[in-house]
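Colleague: The structure is given below, and queries will be raised subsequently.
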Amino acid sequence: MAGRKAKADSHPEVIPAVPKRSPSPAKVTPILEITAEPKLRRSEPATLMSRLGTTKAGQSLSSGVLTPTVSARVMRGGVLRGGSGTRASSETGEWAYTLNLDNLKTQDLFMSTHNEEDLYLASTHIELRGMFLEERTGHILAVARQAAIADLLTTTMAAKPIEIASQGDDVWAVTFIDESQVIGGNTKGTICRWKIEDGQQQGPTMQASGSVLSIVVSQDGRWIVSGDNENKAIVWDAATHKQVREFADHASQVYGVDISSDSTTIASVDASTIQIFSTTSGDRLLPPLPHDNVCGVKFSPGGSRLATISWDGFRIYNTRNGEILFDSGGKGSVSSWQDSLLAWSRDGQTLFVATSGGKIICFNVAESSSSEWSMHETQSQTSVVTNGKFIACSGGSSVLLWDCISNKQIGSIIPHTSEIDCVALSPSGRYLACGLKLQGGKINIHDLGDVLPPEYFYPCFPLIQVSGETLKSWTQDDPTNTEILLSEEITSASNPNHYVLANRALIRARLTHWEPAIEDAKESLRAQPSPIGHIAMAVALLGKGDRVGALCTFDLVFHDCEPRDNRFLLLLKLILVFESGDQEEAITRIEYLATRANNDHDDDATYLYTWVLGAMYAKKENYEPVMPLLERAMNLAQSDKRCLPLKTISLIFGWSFNGLDIVAQQRQSEAVEILLNILRTSVGETLGSRATVVWVSDFSKKCGVTLEHVVDEAFGSAKLDDGLVQYSDVSLLNPPSAASLLIKRSRAQAAKGSWDNALQDANDAVKADFSCPWGYEAKCVALHGAKRYAEAIETFKFMLQVIEQSHDPAVRRLHKNYISPDETVARINSTVIEILKSCPLVVIDVNTGRLCNGSEWRRVFEASSTFADLVLSMTKELDVERIRREVAFFFRYVMLSHVWQGKEPLFQDVECVWDLPDTASNKKLRDFCKETRRLGYNWAWSDTCCIDQNTSTILNQSLTSMYKWYADSAATLVFLTGVAHPSKPGDLTRSVWMTRGWTLQELLAPKVILFYDSEWKPYLGDPGPNHKQSQEIMQELADAIEISLGTIVKFSPDNLGVRAKLRLASTRKVTREEDVAYSLIGIFKSDIRPHYGEGADDALGHLLEEIMARSGEDTVLAWSGQSSSYNSCLPASISIYSQTPHIPPLLEGQEMDICVAELRSNLSQQVALGIYNQISLLPPARFAARRLHLPCIVFSVSKLNIQGLSGSNKKLYRARASGVGYVEFTTADDLLVHRPQRFVFAHPWIGHIRGPNDEVAWGGQSASDTDSDSESHCDGGSDDTPPSPSDAEVDDYTQALRMVARLRQPFSALLLLQQLHGEYKRVAAENEIIISGVGPDITSKSIRAKVLEIL
């Protein structure tokens, strides 16, 4: 308003001087008339109807000069101050003011009020433009200096709103369910639906958990979603008003909710996160997306993007992966929570953001640019809603309307008596709902038809956006005037909208102005690439004669479109193909599309394609197929059908569809009238002559066929009720196809969900013709819908028998089109068997509390609606993917991870979980089942009662499969005994659960894990659906066990090295000693078979033996301490692996080059290659009968002395070995130094000696086994040092010298003592024995590579 006033002030020349007038006998009197109606409620605003100009404050209006007439409705008690005048009151209570405006100054002209409620009137500013007032025969005639009364600078809405009273306090959220009903939620938590017509409540009241802060209705009208201040988002059934589900995992109040345009996805915001769920299943589709102080959310029309707004600005997210596409960085923030803070344009390319200070940000998504519109002079927070053509913006106590295309204000200001809490537009935009503050729950409904032309309320045309006046001219086929209007829009805009430029390109193409049309299309695409821009360019190129260029250009449309527009764009391209001269090709393709749409029961698409085909045949002057096509289209159309895509086609190509349907309607009416005339004919009259009887019989059959065709068309469209009514007319003719009509009506009843009626018609059809298989088919459909699954399957089987036994060969041939239920069941069963192989052997049914083994689990599935629905929905084609998907979904299970304490309920103890005695362990199991059920799962597993430990085969299979069960589970719930509520950071890593052996795999294996404290509350209060997505919890675990966070989150047995996994297990404790190995079976992908009673040494020995056999891993030998009885080279305890082994530094780069150069001058090629060949020919280490066959470099001990004691029972020895000199070590073993015993030092790290190109790297860690957390060891050289060529890239001599260089490095040696028969045993040292490396005097004799057999 201020902006518009300023413009008028700055351009006084726009108001021309008043021409002199001839004297008139009529007296010219400056007066102001105001009338007030006492019947108006105090809450109604004044309406000032004729504010036509501006007079500066303080300027006098004296007699005889230009003065205004202002008519207004004012409240009782209002007083007009300024000037002089009188007030008269009529018998009806109306007040009339007549004032002389001589010397009246405009700053004095305002309403004074008597209470605060009316103060808004006192601030009303009146602007005036001069008018002649002539008194003629008692009437006052105002002749404006400018004729355009509509050019109001300040107006207010005169129409009286509809008022709806809510049940309680202020309405904070409002929305429309359709054009006739509105929904509101208030501070008392009640949600009601009312009819706009009479304000009557529809259906029962819905009760939310707390004050309703936001509410939305799905576009398909099925769901209502609310958010409240009790941290819940609730989904309601829009038909029954019953609660469907609630999402309670919000950290604070749910300030905003929205639902995607396809009604499948819900988004909610709770001041810190955005959460996205599936509407139907309730499953979380993405992890919570963090956004501090977020208070509003809105899906884009296509659903691919999601906008949010907070006190810190607004963002746009990718709904598929949660990626932030744009962050305003503080721009566009809000100052207070308000409903409806975001709105999208219809094409999803523009986001309207309501901000504080009465402003709207218009954000262009494609260009990441924005402009700011000052909507309200008030500094309060605004709200914004749109129907795609205009936006309604509330601020303070008023609402402004704004054209989305021209970016100009339209209509009138809509004032209210108090501030507006929330606003909503009906789907068409015709009605505006406003929830008012401090008005006792009042909602005002405004009919915007009083202030806007009808063009603003039609649903938006696909692809095209155009302002009202321009659209009117365009649809009236006036291209010249339309071009003028579009040119005015372009000239008046600093940055013309791409839609307007594309529109003018299309109009100029219509006028055959091809070059200007192409330039406009180019400008449109430069402003913003869009489908309509490419289409306009294609139309212009085709008109210019460039057919190939037009078709190629049109293909670019599909790059910049929304997926939902693809089908319509394909139709437009085929029309372009038709226009380009390839008419037969276009018709053929559209006929194919029409057939596909009809088979898919897509009536809207069939209707559209049928109309276009009719128009194409008419343009070809082939009228024979036109009438049937249009009859088909008319039967598909509702009485109020407005096919907007046809309007778009008309605008783009200039095709007219008007009048094509008149003949079709006449044809259908004539057929029905003829039929009704026959029905009115009496039997006596028809029997008057044989000829008449024959004619009537024949004609009745023809009319029966005609009307049956009408019924078919009705049943094939959305007009099911019409078809059902017309069926009764057909039945009067006693048609020969009675069974056929009954079957059709049964199908129509089924389409409506009237299963009982459908079944009755199907049964009647079977009785009418028991040999007709389609009656049984209709019966099967009805029984399926009625959930009488067993009967439906038997009926379908009988139908197949009827087909097989039919006398009609054509019917018998149809048998191949169907799939026997037995075949479907067999496929389902094979899938079940396959999936159950990966499932636990026994699970708990959390609904009944009973244990189920595999057979019982299958029986439950076969009795379920899922099984029957799969069988009955695959009567013609097996959908293997769907079978697998739904079977896998049914058999989802949840695992329990916990610490055994006291007497746990075992397999033999449990008949029903819910009937177990009240003990702490039983309560834990029951609470686990309750939580599993709360999360939406039906099956649970606990290692206490789901393993029959008395059956060794079941026990062994469970132990070896347990890792995979956890890995494949839908979720693993971890119960942290001893962690008090509320839990604190660090409680998890200090818990007993972190010390147990079995819980290591239960932490690493699951993809989804949830931690709970001792009261079954989420750890740290984190309500997320997967704590592996919690940065805080995972970082706590990563810091505790010293592996990367990413390794924990996405653990695989292959992505962590062997030594690292042994280190993780080394600190954990087990109750049964063998579990030290059995608990690691899954982590190491081991195949060892559990055998309780074999002891810890043997169990661990079997595991380590298999690890070496599988991977050639030799770091299991790098330890110090006590030897195992299994083999002396293996440790007696897994705790030894908590030690950090000696890791030789890498010898690479410049350092390696120096060593090789030195060796080359001292070591002959013959000696080097001799050493190289010895080491290269060594086989990998292996176990056989518990004996380790170890490849190594052997250094014989020639002298051994005791140096002294080192601690209790430990002695320090000094040995002299060939090739390496003196070596000291400590051991608790008594070594006989004075007896002839053969000791050797073994260098077993053959992989390290061979170098990085050996199949096994240092420690036998393959690339997949390398510890991702271990630090890399560099040679300390400069980063600029170029790497040496790999061993594979150099000659054998150089490779041999490199191998010798590595032999000269320090290494950890094994001390071995030769036994009687030539075998060896390892001498267990207290610390690793580190040898400084092979001495400089190397010969082929001093290096002995051998395979030693170690006991």
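Each chain in the structure tokens gets a letter, A, B and so on, in the order shown; residues start at 1 in every chain, and ligands are counted from 1 in the order they appear.
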Leaving out Glu523 in chain A and any residue of its chain fewer than 3 positions from it, which residues lie within 8 Å of it when counting only C-alpha atoms, given as a ChimeraX atom specification?

Modeller: /A:498,501,519-520,526-527

Colleague: Set the distance at 8 Å and use only C-alpha atoms: which residues neighbour Pro1144 in chain A once local chain neighbours fewer than 5 positions away are removed? I'd like the list as a VMD selection string.

Modeller: chain A and resid 1305 to 1307

Colleague: Write the residues you've just listed into a file as a PDB file, in the first residue's frame, and include N, CA and C atoms for each of them.

Modeller:
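Output below, filename part-v6.pdb:
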ATOM      1  N   GLN A1305      66.029 -55.804   8.299  1.00  0.00           N
ATOM      2  CA  GLN A1305      65.230 -55.002   9.242  1.00  0.00           C
ATOM      3  C   GLN A1305      65.015 -55.770  10.541  1.00  0.00           C
ATOM      4  N   PRO A1306      64.755 -55.060  11.663  1.00  0.00           N
ATOM      5  CA  PRO A1306      64.399 -55.732  12.916  1.00  0.00           C
ATOM      6  C   PRO A1306      63.110 -56.531  12.726  1.00  0.00           C
ATOM      7  N   PHE A1307      63.037 -57.690  13.406  1.00  0.00           N
ATOM      8  CA  PHE A1307      61.829 -58.497  13.299  1.00  0.00           C
ATOM      9  C   PHE A1307      61.574 -59.218  14.608  1.00  0.00           C
TER      10      PHE A1307
END

Colleague: Which polymer residues have any atom within 10 Å of an atom of range 1005-1011 of chain A, counting only C-alpha atoms, with same-chain residues fewer than 5 positions away left out, as a compact mmCIF listing (two decimals) with all heavy atoms, in the first residue's frame?

Modeller:
# COMPACT_ATOMS: atom_id res chain seq x y z
N VAL A 894 12.84 -59.39 15.16
CA VAL A 894 13.67 -58.51 15.98
C VAL A 894 14.44 -59.36 16.97
O VAL A 894 13.88 -60.28 17.58
CB VAL A 894 12.79 -57.47 16.71
CG1 VAL A 894 13.62 -56.64 17.68
CG2 VAL A 894 12.09 -56.56 15.71
N MET A 895 15.73 -59.06 17.16
CA MET A 895 16.61 -59.82 18.04
C MET A 895 16.83 -59.06 19.35
O MET A 895 16.90 -57.83 19.37
CB MET A 895 17.96 -60.06 17.37
CG MET A 895 17.90 -60.77 16.03
SD MET A 895 17.64 -62.55 16.16
CE MET A 895 19.29 -63.09 16.57
N LEU A 896 16.98 -59.81 20.42
CA LEU A 896 17.32 -59.23 21.73
C LEU A 896 18.80 -59.45 22.01
O LEU A 896 19.33 -60.55 21.82
CB LEU A 896 16.49 -59.89 22.84
CG LEU A 896 16.86 -59.48 24.28
CD1 LEU A 896 16.58 -58.00 24.51
CD2 LEU A 896 16.10 -60.33 25.30
N SER A 897 19.45 -58.40 22.45
CA SER A 897 20.83 -58.50 22.93
C SER A 897 20.85 -58.04 24.38
O SER A 897 20.37 -56.94 24.69
CB SER A 897 21.77 -57.63 22.08
OG SER A 897 23.08 -57.66 22.59
N MET A 962 24.10 -67.53 14.47
CA MET A 962 23.61 -66.39 15.23
C MET A 962 24.07 -65.05 14.65
O MET A 962 23.31 -64.08 14.60
CB MET A 962 24.05 -66.50 16.69
CG MET A 962 23.16 -65.73 17.65
SD MET A 962 23.66 -65.98 19.35
CE MET A 962 23.39 -67.74 19.54
N TYR A 963 25.32 -64.98 14.18
CA TYR A 963 25.80 -63.72 13.60
C TYR A 963 24.91 -63.32 12.41
O TYR A 963 24.50 -62.16 12.30
CB TYR A 963 27.25 -63.87 13.14
CG TYR A 963 27.77 -62.65 12.42
CD1 TYR A 963 28.37 -61.61 13.12
CD2 TYR A 963 27.63 -62.52 11.04
CE1 TYR A 963 28.83 -60.48 12.46
CE2 TYR A 963 28.08 -61.39 10.37
CZ TYR A 963 28.69 -60.38 11.09
OH TYR A 963 29.12 -59.26 10.43
N LYS A 964 24.61 -64.27 11.53
CA LYS A 964 23.77 -63.96 10.36
C LYS A 964 22.37 -63.57 10.78
O LYS A 964 21.75 -62.70 10.18
CB LYS A 964 23.75 -65.16 9.42
CG LYS A 964 22.95 -64.90 8.15
CD LYS A 964 23.17 -65.96 7.12
CE LYS A 964 22.33 -65.70 5.87
NZ LYS A 964 22.57 -64.38 5.29
N TRP A 965 21.84 -64.20 11.83
CA TRP A 965 20.51 -63.82 12.30
C TRP A 965 20.49 -62.36 12.74
O TRP A 965 19.55 -61.63 12.44
CB TRP A 965 20.07 -64.73 13.46
CG TRP A 965 19.84 -66.16 13.05
CD1 TRP A 965 19.77 -66.65 11.77
CD2 TRP A 965 19.68 -67.28 13.91
NE1 TRP A 965 19.55 -68.00 11.79
CE2 TRP A 965 19.49 -68.43 13.09
CE3 TRP A 965 19.66 -67.44 15.30
CZ2 TRP A 965 19.28 -69.69 13.62
CZ3 TRP A 965 19.45 -68.70 15.82
CH2 TRP A 965 19.28 -69.83 15.00
N TYR A 966 21.52 -61.98 13.49
CA TYR A 966 21.59 -60.57 13.91
C TYR A 966 21.77 -59.65 12.71
O TYR A 966 21.16 -58.58 12.63
CB TYR A 966 22.74 -60.37 14.90
CG TYR A 966 22.38 -60.72 16.32
CD1 TYR A 966 22.75 -61.95 16.88
CD2 TYR A 966 21.66 -59.84 17.12
CE1 TYR A 966 22.42 -62.28 18.18
CE2 TYR A 966 21.32 -60.16 18.43
CZ TYR A 966 21.71 -61.39 18.95
OH TYR A 966 21.37 -61.71 20.24
N ALA A 967 22.61 -60.08 11.76
CA ALA A 967 22.86 -59.23 10.59
C ALA A 967 21.61 -59.06 9.74
O ALA A 967 21.39 -58.00 9.16
CB ALA A 967 23.99 -59.83 9.76
N ASP A 968 20.77 -60.09 9.64
CA ASP A 968 19.58 -60.04 8.77
C ASP A 968 18.33 -59.58 9.51
O ASP A 968 17.26 -59.50 8.90
CB ASP A 968 19.32 -61.43 8.18
CG ASP A 968 20.40 -61.85 7.20
OD1 ASP A 968 21.15 -60.96 6.74
OD2 ASP A 968 20.51 -63.05 6.91
N SER A 969 18.44 -59.28 10.79
CA SER A 969 17.25 -58.90 11.56
C SER A 969 16.73 -57.54 11.13
O SER A 969 17.46 -56.70 10.60
CB SER A 969 17.59 -58.86 13.06
OG SER A 969 18.52 -57.84 13.34
N ALA A 970 15.43 -57.33 11.35
CA ALA A 970 14.85 -56.02 11.09
C ALA A 970 15.39 -55.00 12.08
O ALA A 970 15.54 -53.82 11.75
CB ALA A 970 13.32 -56.09 11.18
N ALA A 971 15.69 -55.45 13.29
CA ALA A 971 16.28 -54.57 14.30
C ALA A 971 16.80 -55.45 15.43
O ALA A 971 16.32 -56.56 15.65
CB ALA A 971 15.25 -53.57 14.84
N THR A 972 17.80 -54.94 16.14
CA THR A 972 18.30 -55.58 17.36
C THR A 972 18.12 -54.61 18.50
O THR A 972 18.54 -53.44 18.42
CB THR A 972 19.78 -55.96 17.21
OG1 THR A 972 19.91 -56.99 16.23
CG2 THR A 972 20.35 -56.46 18.53
N LEU A 973 17.43 -55.07 19.56
CA LEU A 973 17.17 -54.24 20.73
C LEU A 973 18.15 -54.64 21.83
O LEU A 973 18.20 -55.81 22.21
CB LEU A 973 15.73 -54.40 21.21
CG LEU A 973 14.62 -54.26 20.15
CD1 LEU A 973 13.25 -54.27 20.83
CD2 LEU A 973 14.80 -53.01 19.31
N VAL A 974 18.93 -53.69 22.30
CA VAL A 974 19.94 -53.95 23.32
C VAL A 974 19.42 -53.46 24.66
O VAL A 974 19.14 -52.25 24.82
CB VAL A 974 21.26 -53.26 22.97
CG1 VAL A 974 22.30 -53.50 24.07
CG2 VAL A 974 21.79 -53.73 21.63
N PHE A 975 19.28 -54.38 25.62
CA PHE A 975 18.83 -54.02 26.96
C PHE A 975 20.05 -53.88 27.86
O PHE A 975 20.79 -54.85 28.08
CB PHE A 975 17.89 -55.09 27.50
CG PHE A 975 17.37 -54.80 28.89
CD1 PHE A 975 16.54 -53.73 29.13
CD2 PHE A 975 17.76 -55.59 29.97
CE1 PHE A 975 16.07 -53.44 30.40
CE2 PHE A 975 17.29 -55.32 31.25
CZ PHE A 975 16.45 -54.25 31.46
N LEU A 976 20.27 -52.68 28.35
CA LEU A 976 21.46 -52.37 29.15
C LEU A 976 21.14 -52.49 30.63
O LEU A 976 20.71 -51.52 31.27
CB LEU A 976 21.97 -50.97 28.81
CG LEU A 976 22.36 -50.74 27.34
CD1 LEU A 976 22.69 -49.28 27.10
CD2 LEU A 976 23.52 -51.64 26.94
N LEU A 988 26.79 -46.35 28.42
CA LEU A 988 26.84 -47.52 27.53
C LEU A 988 28.20 -48.19 27.60
O LEU A 988 28.30 -49.41 27.79
CB LEU A 988 26.51 -47.09 26.10
CG LEU A 988 26.69 -48.14 25.00
CD1 LEU A 988 25.90 -49.40 25.30
CD2 LEU A 988 26.30 -47.57 23.65
N THR A 999 28.28 -60.29 23.07
CA THR A 999 27.69 -59.01 22.66
C THR A 999 28.53 -58.27 21.64
O THR A 999 28.06 -57.29 21.05
CB THR A 999 27.46 -58.10 23.89
OG1 THR A 999 28.71 -57.88 24.55
CG2 THR A 999 26.48 -58.74 24.85
N LEU A 1000 29.77 -58.73 21.40
CA LEU A 1000 30.58 -58.07 20.36
C LEU A 1000 29.92 -58.23 18.99
O LEU A 1000 29.75 -57.27 18.25
CB LEU A 1000 32.00 -58.65 20.34
CG LEU A 1000 32.92 -58.08 19.26
CD1 LEU A 1000 33.09 -56.58 19.43
CD2 LEU A 1000 34.27 -58.78 19.28
N TRP A 1016 13.67 -49.58 29.80
CA TRP A 1016 13.27 -49.71 28.39
C TRP A 1016 12.95 -48.35 27.75
O TRP A 1016 12.03 -48.22 26.94
CB TRP A 1016 12.10 -50.68 28.22
CG TRP A 1016 12.55 -52.11 28.28
CD1 TRP A 1016 12.54 -52.91 29.37
CD2 TRP A 1016 13.11 -52.90 27.22
NE1 TRP A 1016 13.07 -54.16 29.06
CE2 TRP A 1016 13.42 -54.18 27.74
CE3 TRP A 1016 13.38 -52.67 25.87
CZ2 TRP A 1016 13.97 -55.20 26.97
CZ3 TRP A 1016 13.93 -53.69 25.10
CH2 TRP A 1016 14.23 -54.93 25.66
N LYS A 1017 13.75 -47.36 28.12
CA LYS A 1017 13.68 -46.04 27.49
C LYS A 1017 14.90 -45.89 26.60
O LYS A 1017 15.98 -46.36 26.94
CB LYS A 1017 13.65 -44.92 28.53
CG LYS A 1017 12.48 -45.01 29.51
CD LYS A 1017 11.14 -44.90 28.81
CE LYS A 1017 9.99 -44.95 29.81
NZ LYS A 1017 8.68 -44.95 29.13
N PRO A 1018 14.76 -45.24 25.44
CA PRO A 1018 15.89 -45.12 24.53
C PRO A 1018 17.10 -44.49 25.21
O PRO A 1018 16.98 -43.54 25.99
CB PRO A 1018 15.36 -44.21 23.40
CG PRO A 1018 13.88 -44.42 23.43
CD PRO A 1018 13.53 -44.61 24.88
N TYR A 1019 18.26 -45.05 24.92
CA TYR A 1019 19.51 -44.56 25.49
C TYR A 1019 19.71 -43.10 25.10
O TYR A 1019 19.53 -42.70 23.95
CB TYR A 1019 20.67 -45.41 24.99
CG TYR A 1019 22.02 -45.00 25.54
CD1 TYR A 1019 22.28 -45.03 26.91
CD2 TYR A 1019 23.05 -44.59 24.69
CE1 TYR A 1019 23.51 -44.67 27.42
CE2 TYR A 1019 24.29 -44.23 25.18
CZ TYR A 1019 24.52 -44.27 26.56
OH TYR A 1019 25.74 -43.90 27.07
N LEU A 1020 20.05 -42.28 26.11
CA LEU A 1020 20.24 -40.83 25.97
C LEU A 1020 18.97 -40.13 25.47
O LEU A 1020 19.02 -39.01 24.99
CB LEU A 1020 21.40 -40.51 25.02
CG LEU A 1020 22.78 -41.07 25.41
CD1 LEU A 1020 23.84 -40.60 24.42
CD2 LEU A 1020 23.16 -40.68 26.83
N GLY A 1021 17.82 -40.83 25.57
CA GLY A 1021 16.56 -40.24 25.11
C GLY A 1021 16.47 -40.09 23.61
O GLY A 1021 15.61 -39.36 23.11
N ASP A 1022 17.35 -40.78 22.89
CA ASP A 1022 17.37 -40.67 21.42
C ASP A 1022 16.21 -41.48 20.84
O ASP A 1022 16.21 -42.71 20.88
CB ASP A 1022 18.70 -41.20 20.89
CG ASP A 1022 18.87 -40.96 19.40
OD1 ASP A 1022 17.85 -40.93 18.69
OD2 ASP A 1022 20.00 -40.79 18.95
N PRO A 1023 15.21 -40.81 20.23
CA PRO A 1023 14.04 -41.53 19.71
C PRO A 1023 14.23 -42.05 18.30
O PRO A 1023 13.30 -42.55 17.69
CB PRO A 1023 12.96 -40.45 19.74
CG PRO A 1023 13.71 -39.19 19.44
CD PRO A 1023 15.08 -39.35 20.06
N GLY A 1024 15.44 -41.91 17.75
CA GLY A 1024 15.66 -42.28 16.36
C GLY A 1024 15.37 -43.74 16.09
O GLY A 1024 15.42 -44.59 16.99
N PRO A 1025 15.11 -44.09 14.83
CA PRO A 1025 14.76 -45.46 14.47
C PRO A 1025 15.97 -46.39 14.39
O PRO A 1025 15.82 -47.59 14.27
CB PRO A 1025 14.11 -45.30 13.10
CG PRO A 1025 14.80 -44.11 12.52
CD PRO A 1025 15.07 -43.19 13.66
N ASN A 1026 17.17 -45.83 14.44
CA ASN A 1026 18.38 -46.65 14.33
C ASN A 1026 19.52 -45.91 15.00
O ASN A 1026 19.97 -44.88 14.53
CB ASN A 1026 18.71 -46.93 12.86
CG ASN A 1026 19.89 -47.87 12.71
OD1 ASN A 1026 20.44 -48.38 13.69
ND2 ASN A 1026 20.30 -48.11 11.48
N HIS A 1027 19.98 -46.45 16.11
CA HIS A 1027 21.05 -45.76 16.84
C HIS A 1027 22.39 -45.87 16.11
O HIS A 1027 23.34 -45.17 16.49
CB HIS A 1027 21.16 -46.30 18.26
CG HIS A 1027 20.05 -45.81 19.14
ND1 HIS A 1027 19.78 -46.34 20.37
CD2 HIS A 1027 19.14 -44.83 18.96
CE1 HIS A 1027 18.75 -45.70 20.91
NE2 HIS A 1027 18.34 -44.79 20.06
N LYS A 1028 22.49 -46.70 15.09
CA LYS A 1028 23.70 -46.67 14.28
C LYS A 1028 23.77 -45.42 13.42
O LYS A 1028 24.79 -45.16 12.79
CB LYS A 1028 23.79 -47.93 13.41
CG LYS A 1028 24.28 -49.15 14.20
CD LYS A 1028 24.87 -50.24 13.32
CE LYS A 1028 25.54 -51.31 14.19
NZ LYS A 1028 26.16 -52.38 13.38
N GLN A 1029 22.69 -44.68 13.39
CA GLN A 1029 22.69 -43.39 12.70
C GLN A 1029 22.84 -42.24 13.68
O GLN A 1029 22.78 -41.07 13.28
CB GLN A 1029 21.39 -43.23 11.91
CG GLN A 1029 21.25 -44.24 10.79
CD GLN A 1029 19.87 -44.22 10.15
OE1 GLN A 1029 18.94 -43.61 10.68
NE2 GLN A 1029 19.72 -44.91 9.02
N ILE A 1033 25.98 -41.57 19.91
CA ILE A 1033 26.10 -42.93 20.46
C ILE A 1033 27.22 -43.69 19.76
O ILE A 1033 28.04 -44.37 20.42
CB ILE A 1033 24.76 -43.67 20.34
CG1 ILE A 1033 23.68 -42.97 21.18
CG2 ILE A 1033 24.90 -45.12 20.78
CD1 ILE A 1033 22.30 -43.57 21.03
N ILE A 1048 31.91 -49.47 12.68
CA ILE A 1048 30.82 -49.97 13.53
C ILE A 1048 29.50 -49.91 12.78
O ILE A 1048 28.71 -50.86 12.80
CB ILE A 1048 30.74 -49.16 14.83
CG1 ILE A 1048 32.04 -49.25 15.62
CG2 ILE A 1048 29.57 -49.64 15.70
CD1 ILE A 1048 32.07 -48.38 16.86
N VAL A 1049 29.26 -48.79 12.10
CA VAL A 1049 27.96 -48.58 11.45
C VAL A 1049 27.75 -49.55 10.30
O VAL A 1049 26.66 -50.11 10.14
CB VAL A 1049 27.86 -47.12 10.95
CG1 VAL A 1049 26.60 -46.93 10.11
CG2 VAL A 1049 27.85 -46.16 12.13
N LYS A 1050 28.79 -49.80 9.51
CA LYS A 1050 28.65 -50.65 8.32
C LYS A 1050 29.62 -51.83 8.41
O LYS A 1050 30.36 -52.11 7.48
CB LYS A 1050 28.89 -49.83 7.06
CG LYS A 1050 27.87 -48.74 6.85
CD LYS A 1050 28.10 -48.00 5.54
CE LYS A 1050 27.03 -46.94 5.32
NZ LYS A 1050 27.24 -46.20 4.05
N PHE A 1051 29.58 -52.52 9.54
CA PHE A 1051 30.53 -53.60 9.75
C PHE A 1051 30.28 -54.77 8.81
O PHE A 1051 29.14 -55.14 8.54
CB PHE A 1051 30.47 -54.10 11.19
CG PHE A 1051 31.39 -55.26 11.45
CD1 PHE A 1051 32.74 -55.05 11.66
CD2 PHE A 1051 30.92 -56.57 11.45
CE1 PHE A 1051 33.60 -56.11 11.87
CE2 PHE A 1051 31.77 -57.64 11.67
CZ PHE A 1051 33.13 -57.40 11.88
N SER A 1052 31.38 -55.32 8.32
CA SER A 1052 31.35 -56.58 7.59
C SER A 1052 32.57 -57.36 8.05
O SER A 1052 33.62 -56.76 8.34
CB SER A 1052 31.42 -56.32 6.08
OG SER A 1052 31.79 -57.51 5.40
N PRO A 1053 32.49 -58.68 8.13
CA PRO A 1053 33.67 -59.45 8.53
C PRO A 1053 34.89 -59.17 7.67
O PRO A 1053 36.02 -59.40 8.09
CB PRO A 1053 33.21 -60.90 8.36
CG PRO A 1053 31.73 -60.85 8.58
CD PRO A 1053 31.30 -59.55 7.96
N GLY A 1082 30.90 -66.00 13.73
CA GLY A 1082 30.35 -65.16 12.68
C GLY A 1082 31.27 -64.03 12.28
O GLY A 1082 31.38 -63.68 11.09
N ILE A 1083 31.94 -63.42 13.23
CA ILE A 1083 32.81 -62.28 12.94
C ILE A 1083 33.96 -62.70 12.02
O ILE A 1083 34.42 -61.93 11.19
CB ILE A 1083 33.34 -61.67 14.26
CG1 ILE A 1083 32.18 -60.97 15.00
CG2 ILE A 1083 34.48 -60.71 14.01
CD1 ILE A 1083 32.56 -60.40 16.33

Colleague: Quick one: distance from CA of Lys1346 in chain A to CA of Cys1192 in chain A in Å, one decimal?

Modeller: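 Rounded to one decimal, the two atoms are 5.7 Å apart.
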
Colleague: Leaving out Pro529 in chain A and any residue of its chain fewer than 4 positions from it, which residues lie within 12 Å of it when counting only C-alpha atoms, given as number ranges by chain?

Modeller: A: 349, 364-367, 497-499, 501-502, 521-525, 533-537, 556-561

Colleague: Restricting the calculation to only C-alpha atoms: of A:Thr480, A:Arg882, A:Gly332, A:Phe653, which residue gets closest to Leu542 in chain A?

Modeller: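 Among the listed residues, A:Phe653 lies closest to Leu542 in chain A.
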
Colleague: Just the residues within 8 Å of Ile1329 in chain A, please, counting only C-alpha atoms, with nothing from its chain fewer than 5 positions along; format it as number ranges by chain.

Modeller: A: 1223-1225, 1308-1311
